[in-house]
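Enquirer: Below you'll find the structure I mean.
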Amino acid sequence: MSFKTTTLGILGGGQLGKMLIQEAVNLNIELFVLDPDQHAPCKHLVPHFTCGSLQDFNTVYEFGKQVEVLTIEIEHVNVDALFKLEEEGVKVFPQPKVLKMVQDKGAQKVFYKENNIPTAPFFLTNDKAESLQIWQQQGKAFMQKLRKGGYDGKGVTKLSHEADLQNAFDAPCVMELLVNFKKEIAVIVARNTKGELAVYDVVEMDFNPQQNLVEFLQMPANVSKSVESEAKAIAQKVAEKADIIGILAVEMFLTHDDEILVNEIAPRAHNSGHQTIEGCRTSQYAQHLRAILNLPLGNTTCHTPSIMVNLLGAAGQTGDAIYEGLEEAMQLPNVYVHLYGKKTTKPYRKMGHVTILHENIEEAIKNARLVQSILKVTSL
């Protein structure tokens, strides 16, 4: 394969696409990006940028016809167009069949059940009335999740008490029994067209309690060797059963009895892998390119303990972004700042991330908490 003639299209021009582009440049790949935002972070990084809808069949189809290989940075895209492109010879990774399943949280749960992948007990409902009926019949707390369209904590609500029921969604949902877990962990795995696998170490995640999105992550996770081994094995099984080509993030719950339950999967570069850029021999972005171009997969070794801190827009702040404390934070040793290039900040919007490295994980955590206290995203 000649990298001089390889054309790669990316559906989505946000921060994940931006970091993928940074690795693709090293392979001299000609890059095309489609995004609905004319101010997308990727716009000025590629020679071919198209502003258009990711959900419109014709837009995605016409965009995809320009390239040899097509990938995503967000799963909410028109799958029908991808199926047609695949039929016409475009290499679409992850495959449309995988995306179709992942776009529907109900289909995800059925996939786990059919393949004996451990997950929390669940019920599928068509509307609010059915969801409330399940809640009343079971007499237990549930997480209600919209089957389609949710992301970054949106489309998820906890139904625990009578007062919560007014927040229930009136749409097709997954009613998932609330898991009493002690940690949320994740494993990233890559798979190429030869079926070769590469698995990263387990990471441990802390979520923002208001928005249910990751704001602090550590690698390696503080778990036993048996949990580490089992989590990796589960992630590999998910990738093999899904028959995915590319990178896959597998998010899991770790219960107080050290039982591992798969929560959700993402068939793309993921928040739980940002720290691989500085902390691992091969970043998740370089690994994804290796997988979809059917190149040898890279070394996943975590060479230095690392912490990733998400830079979220401050509550009550909307407008042109200001990064307060940036210089002070960057004076700390082994601190690596990634700003996503989003012009406007909003409350809890992902505006960037910071990776902190240290040979001693406790020192890395200490420095990361300091960065969190120093660096804030506000607005004019």
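Please note that chains go A, B, ... in the order of the structure tokens, that every chain numbers its residues from 1, and that ligands are numbered from 1 in the order shown.
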For A:Glu75, work out the shell of residues within 12 Å, counting only C-alpha atoms and skipping chain neighbours fewer than 3 positions away, then give it as a ChimeraX atom specification.
Expert: /A:10-12,16,54-55,71-72,78-79,82,93-104,148-151,248,265-270
Enquirer: Find the residues near stretch 353-368 of chain A: any atom within 12 Å, counting only C-alpha atoms, skip ones fewer than 6 places away on the same chain, and give them as a PyMOL selection string.
Expert: chain A and resi 15-16+19+214-222+271-280+302-313+323+326+329-341+374-377
Enquirer: Hey, what's within 9 Å of A:Val33 if we count only C-alpha atoms and toss same-chain stuff fewer than 5 positions away? As a list in words, please?
Expert: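 Counting only the stated atoms, we get Leu8, Gly9, Ile10, Leu11, Gly12, Gly13, Gly17, Cys42, Lys43, Val46, Pro47, His48, Phe49, Thr50, Cys51 and Phe63 of chain A.
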Enquirer: List as JSON, numbers by chain the protein and nucleic acid residues near A:Asp257, meaning an atom at most 10 Å away when only C-alpha atoms are counted, but skip any in the same chain fewer than 6 places from it.
Expert: {"A": [180, 181, 182]}
Enquirer: May I have all residues of stretch 76-277 of chain A that DSSP, computed from the backbone, assigns to strand (DSSP E or B), given as an MDAnalysis selection string?
Expert: chainID A and resid 91:92 119 122:125 142:146 151 154 156:159 173:177 181:191 197:199 203:207 214:219 246:255 260:266
Enquirer: Write out as a PyMOL selection string all residues of stretch 158-313 of chain A that DSSP puts in alpha helix (DSSP H) for this structure's backbone.
Expert: chain A and resi 225-242+276-279+284-292
Enquirer: Go through A:Thr157, A:Ser373, A:Ser131, A:Ser224 and flag the residue nearest A:Asp258, using only C-alpha atoms for the distances.
Expert: A:Ser224
